[in-house]
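Single-structure report; data block below.
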Amino acid sequence: MSAGDIAQKFDLTNATVSYHLSQLKKADLIIVHKEKNFIYYELNLSVFEEILVWIHQLGGNVNEKN
């Protein structure tokens with residue numbers, strides 16, 4: 001999605017979305033694709049999956065009895 005499309009989905013200003021996208025890019029959580037005059041952002045699934053695994057490990061196995 002473009003920053004403008006994202007801003008509309010969340011009812012935020014383009015400047016706010018651009019700031020947060022730059023932070024997510026620094027953390028390698030999104031991938032940026034440039035096409036002509038537009039910049040498109042995509043979730044970096046490999047990093048996102050690592051985060052989900054880490055969160056799952058924090059909680060342990062929900063079926064596990066104490």
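The chains in the structure tokens are called A, B, ... from first to last as shown; in each chain the residues are counted from 1, and the ligands are counted from 1 in the order shown.
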Could you give me, as a CSV table (one decimal) with N, CA, C and O atoms, in the first residue's frame, the residues within 12 Å of segment 24-26 of chain A, counting only C-alpha atoms and dropping anything in the same chain fewer than 6 positions from it?
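Generated file (selection_6.csv):
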```
chain,number,residue,atom,x,y,z
A,17,VAL,N,1.6,9.0,9.2
A,17,VAL,CA,1.9,7.7,8.6
A,17,VAL,C,3.3,7.6,8.1
A,17,VAL,O,4.0,6.6,8.3
A,18,SER,N,3.8,8.7,7.4
A,18,SER,CA,5.2,8.7,6.9
A,18,SER,C,6.2,8.5,8.0
A,18,SER,O,7.2,7.8,7.9
A,32,VAL,N,10.2,-1.6,1.3
A,32,VAL,CA,9.8,-0.4,0.5
A,32,VAL,C,10.0,-0.7,-1.0
A,32,VAL,O,11.1,-1.2,-1.4
A,33,HIS,N,9.0,-0.5,-1.8
A,33,HIS,CA,9.1,-0.6,-3.3
A,33,HIS,C,8.7,0.7,-3.9
A,33,HIS,O,7.7,1.3,-3.6
A,40,TYR,N,5.5,2.2,-2.3
A,40,TYR,CA,4.6,1.2,-1.7
A,40,TYR,C,5.3,0.5,-0.5
A,40,TYR,O,6.5,0.2,-0.6
A,41,TYR,N,4.6,0.2,0.5
A,41,TYR,CA,5.1,-0.5,1.7
A,41,TYR,C,4.5,-1.8,1.9
A,41,TYR,O,3.3,-2.0,1.6
A,42,GLU,N,5.3,-2.8,2.3
A,42,GLU,CA,4.9,-4.2,2.4
A,42,GLU,C,5.5,-4.7,3.7
A,42,GLU,O,6.6,-4.4,4.1
A,43,LEU,N,4.7,-5.5,4.4
A,43,LEU,CA,5.1,-6.1,5.7
A,43,LEU,C,6.3,-7.1,5.4
A,43,LEU,O,6.2,-7.9,4.5
A,44,ASN,N,7.3,-7.0,6.1
A,44,ASN,CA,8.5,-7.9,6.0
A,44,ASN,C,8.1,-9.2,6.8
A,44,ASN,O,8.2,-9.3,8.0
A,47,VAL,N,10.6,-11.2,9.2
A,47,VAL,CA,10.8,-10.6,10.5
A,47,VAL,C,9.6,-10.7,11.4
A,47,VAL,O,9.6,-11.0,12.6
A,48,PHE,N,8.4,-10.5,10.8
A,48,PHE,CA,7.1,-10.6,11.5
A,48,PHE,C,7.0,-12.0,12.1
A,48,PHE,O,6.6,-12.2,13.2
```
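DSSP, applied to the backbone of this structure, assigns strand (DSSP E or B) to the following residues of segment 6-36 of chain A: Ile30, Ile31, Val32, His33, Lys34 and Glu35 of chain A.
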*Which residue, A:Leu45, A:Leu29, A:Leu52, A:Ala15, has the smallest gap to Ala3 of chain A when you use only C-alpha atoms?*
A:Ala15
*Suppose you want the space between atom CA of Gly59 of chain A and atom CA of Ile30 of chain A; what is it in Å?*
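Separation between atom CA of Gly59 of chain A and atom CA of Ile30 of chain A: 25.3 Å.
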*Distance in Å - atom CA of His20 of chain A versus atom CA of Val53 of chain A*: 23.6 Å
*Per-residue DSSP, chain A, filtered to helix (DSSP H, G or I), as a PyMOL selection string*: chain A and resi 3-10+14-26+45-59
*What's the 10 Å shell around Phe38 of chain A, counting only C-alpha atoms, without same-chain residues fewer than 6 positions away, as an MDAnalysis selection string?*
chainID A and resid 1:4
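Our summary of the geometry notes that atom CA of Asn37 of chain A is positioned 20.8 Å from atom CA of Lys9 of chain A.
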